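J.: Data: query_33.cif, mmCIF, C-alpha atoms.
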data_model
#
loop_
_atom_site.label_atom_id
_atom_site.label_comp_id
_atom_site.auth_asym_id
_atom_site.auth_seq_id
_atom_site.Cartn_x
_atom_site.Cartn_y
_atom_site.Cartn_z
CA MET A 1132 5.46 -8.77 -2.83
CA ARG A 1133 9.10 -9.37 -3.71
CA HIS A 1134 8.20 -12.66 -5.36
CA LEU A 1135 5.56 -10.98 -7.48
CA ALA A 1136 7.95 -8.15 -8.41
CA ALA A 1137 10.59 -10.65 -9.54
CA TYR A 1138 7.96 -12.61 -11.49
CA LEU A 1139 6.80 -9.45 -13.28
CA LEU A 1140 10.38 -8.41 -14.03
CA LEU A 1141 10.97 -11.77 -15.65
CA GLN A 1142 7.83 -11.37 -17.76
CA ILE A 1143 8.82 -7.88 -18.85
CA GLY A 1144 12.22 -9.30 -19.76
CA GLY A 1145 10.62 -11.76 -22.16
CA ASN A 1146 10.05 -14.89 -20.06
CA ALA A 1147 6.36 -15.59 -20.70
CA SER A 1148 6.06 -18.23 -17.98
CA PRO A 1149 8.69 -17.82 -15.22
CA THR A 1150 9.37 -20.81 -12.99
CA ALA A 1151 10.14 -20.83 -9.27
CA ASP A 1152 13.83 -21.31 -10.07
CA ASP A 1153 13.77 -18.25 -12.35
CA VAL A 1154 12.29 -16.13 -9.58
CA LYS A 1155 14.82 -17.50 -7.05
CA ARG A 1156 17.69 -16.53 -9.37
CA VAL A 1157 16.38 -12.96 -9.72
CA LEU A 1158 15.92 -12.60 -5.98
CA GLY A 1159 19.28 -14.22 -5.27
CA ALA A 1160 21.00 -11.76 -7.60
CA VAL A 1161 20.10 -8.95 -5.20
CA GLY A 1162 20.72 -10.92 -2.01
CA ILE A 1163 17.12 -11.82 -1.13
CA GLU A 1164 16.24 -15.32 -0.03
CA ALA A 1165 13.00 -16.65 -1.52
CA ASP A 1166 10.26 -18.12 0.66
CA ASP A 1167 9.59 -21.46 -1.07
CA GLU A 1168 6.03 -21.84 0.22
CA ARG A 1169 4.90 -18.39 -0.90
CA LEU A 1170 6.76 -18.69 -4.18
CA GLU A 1171 5.10 -22.00 -5.04
CA GLN A 1172 1.71 -20.53 -4.16
CA LEU A 1173 2.36 -17.54 -6.44
CA ILE A 1174 3.52 -19.71 -9.33
CA SER A 1175 0.52 -22.03 -8.99
CA GLU A 1176 -1.96 -19.12 -8.86
CA LEU A 1177 -0.46 -17.39 -11.91
CA ASP A 1178 0.09 -20.55 -13.96
CA GLY A 1179 -1.63 -20.25 -17.33
CA LYS A 1180 -3.03 -16.77 -16.64
CA ASP A 1181 -2.33 -13.57 -18.53
CA VAL A 1182 -0.76 -11.17 -16.04
CA ASN A 1183 -1.84 -8.11 -18.04
CA ALA A 1184 -5.47 -9.27 -17.83
CA LEU A 1185 -5.11 -9.85 -14.08
CA ILE A 1186 -3.69 -6.35 -13.59
CA ALA A 1187 -6.53 -4.83 -15.62
CA GLU A 1188 -9.09 -6.80 -13.60
CA GLY A 1189 -7.50 -5.69 -10.33
CA SER A 1190 -7.43 -2.06 -11.45
CA ALA A 1191 -11.14 -2.23 -12.25
CA LYS A 1192 -11.84 -3.62 -8.78
CA LEU A 1193 -9.75 -0.91 -7.11
CA ALA A 1194 -11.60 1.79 -9.01
CA SER A 1195 -14.80 0.81 -7.21
CA VAL A 1196 -13.21 1.02 -3.73
CA PRO A 1197 -13.95 4.28 -1.91
CA SER A 1198 -10.69 6.08 -1.26
CA GLY A 1199 -11.94 8.37 1.50
CA GLY A 1200 -11.12 12.00 1.89
CA ALA A 1201 -14.16 13.08 -0.08
CA VAL A 1202 -16.18 15.71 1.74
CA ALA A 1203 -19.73 16.52 0.83
CA ALA A 1204 -20.09 20.05 -0.48
CA PRO A 1205 -22.55 22.23 1.43
CA ALA A 1206 -25.85 22.82 -0.30
CA ALA A 1207 -26.07 26.06 -2.22
CA GLY A 1208 -28.77 28.55 -1.35
CA GLY A 1209 -30.73 29.01 1.91
CA GLY A 1210 -29.37 28.11 5.33
CA GLY A 1211 -26.51 30.58 5.10
CA GLY A 1212 -26.50 31.21 8.84
CA ALA A 1213 -25.63 27.65 9.82
CA ALA A 1214 -22.49 27.38 7.68
CA PRO A 1215 -20.32 29.87 9.64
CA ALA A 1216 -21.28 28.23 12.93
CA ALA A 1217 -20.31 24.81 11.60
CA ALA A 1218 -16.99 26.17 10.31
CA ALA A 1219 -16.23 27.71 13.71
CA ALA A 1220 -16.99 24.41 15.44
CA GLU A 1221 -14.64 22.59 13.05
CA GLU A 1222 -11.85 25.07 13.74
CA GLU A 1223 -12.23 24.55 17.49
CA LYS A 1224 -11.99 20.75 17.03
CA GLU A 1225 -8.86 21.14 14.91
CA GLU A 1226 -7.25 23.40 17.51
CA LYS A 1227 -7.97 20.86 20.24
CA LYS A 1228 -6.45 18.08 18.14
CA GLU A 1229 -3.32 20.14 17.50
CA GLU A 1230 -2.92 20.89 21.22
CA LYS A 1231 -3.15 17.19 22.05
CA GLU A 1232 -0.65 16.22 19.36
CA GLU A 1233 1.82 18.78 20.68
CA SER A 1234 1.52 17.45 24.22
CA ASP A 1235 2.26 13.93 22.98
CA ASP A 1236 5.56 15.07 21.45
CA ASP A 1237 7.31 15.61 24.82
CA MET A 1238 8.29 12.12 25.97
CA GLY A 1239 10.99 13.08 28.46
CA PHE A 1240 13.91 13.42 26.08
CA GLY A 1241 15.02 15.79 23.39
CA LEU A 1242 15.91 14.97 19.83
CA PHE A 1243 19.46 16.27 20.14
CA ASP A 1244 20.24 15.33 23.78
#
Can you turn what I pasted into structure tokens?

T.:
Amino acid sequence: MRHLAAYLLLQIGGNASPTADDVKRVLGAVGIEADDERLEQLISELDGKDVNALIAEGSAKLASVPSGGAVAAPAAGGGGGAAPAAAAAEEEKEEKKEEKEESDDDMGFGLFD
């Protein structure tokens, strides 16, 4: 990731095709040692490609990945009696989870001991 960040910084700074030595200089300026093998792989994979097009392509791919957290909304209309029961069951599960999490906190020592 640090190699890619340095590469992109160089491109933003006006270097259209950064070399491995350019990236090493950027990383060295902040005290980071470059991994030659990974750096050469990065340079070879990005050689001759438009980074802006690659970022756009990657963003399009990420947009199709489900991000989780989406909950199906209950159906409107009939079946009103089942919804409160389901909500009560969920609350009980959450309470049980919270109790377990609290019991895991005590590991035999205090934070300020």

J.: What does the PyMOL selection byres ((chain A and resi 1153-1159) around 9) select in this file, as a JSON list (two decimals) with C-alpha atoms, keeping the file's coordinate frame?

T.:
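Output below, filename result-v7.json:
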[["chain", "number", "residue", "atom", "x", "y", "z"],
["A", 1133, "ARG", "CA", 9.10, -9.37, -3.71],
["A", 1134, "HIS", "CA", 8.20, -12.66, -5.36],
["A", 1135, "LEU", "CA", 5.56, -10.98, -7.48],
["A", 1137, "ALA", "CA", 10.59, -10.65, -9.54],
["A", 1138, "TYR", "CA", 7.96, -12.61, -11.49],
["A", 1140, "LEU", "CA", 10.38, -8.41, -14.03],
["A", 1141, "LEU", "CA", 10.97, -11.77, -15.65],
["A", 1149, "PRO", "CA", 8.69, -17.82, -15.22],
["A", 1150, "THR", "CA", 9.37, -20.81, -12.99],
["A", 1151, "ALA", "CA", 10.14, -20.83, -9.27],
["A", 1152, "ASP", "CA", 13.83, -21.31, -10.07],
["A", 1160, "ALA", "CA", 21.00, -11.76, -7.60],
["A", 1161, "VAL", "CA", 20.10, -8.95, -5.20],
["A", 1162, "GLY", "CA", 20.72, -10.92, -2.01],
["A", 1163, "ILE", "CA", 17.12, -11.82, -1.13],
["A", 1164, "GLU", "CA", 16.24, -15.32, -0.03],
["A", 1165, "ALA", "CA", 13.00, -16.65, -1.52],
["A", 1166, "ASP", "CA", 10.26, -18.12, 0.66],
["A", 1167, "ASP", "CA", 9.59, -21.46, -1.07],
["A", 1170, "LEU", "CA", 6.76, -18.69, -4.18]]

J.: Please, what distance in Å, to one decimal, runs between atom CA of Gln1172 of chain A and atom CA of Asn1146 of chain A?

T.: 18.8 Å

J.: Step by step: start from the point (1.2, -15.1, -17.5) in the file's coordinates, keep every protein, DNA or RNA residue that has an atom no farther than 12 Å from it, count all atoms listed in the file, and write the set as a ChimeraX atom specification.

T.: /A:1135,1138-1143,1145-1150,1173-1186
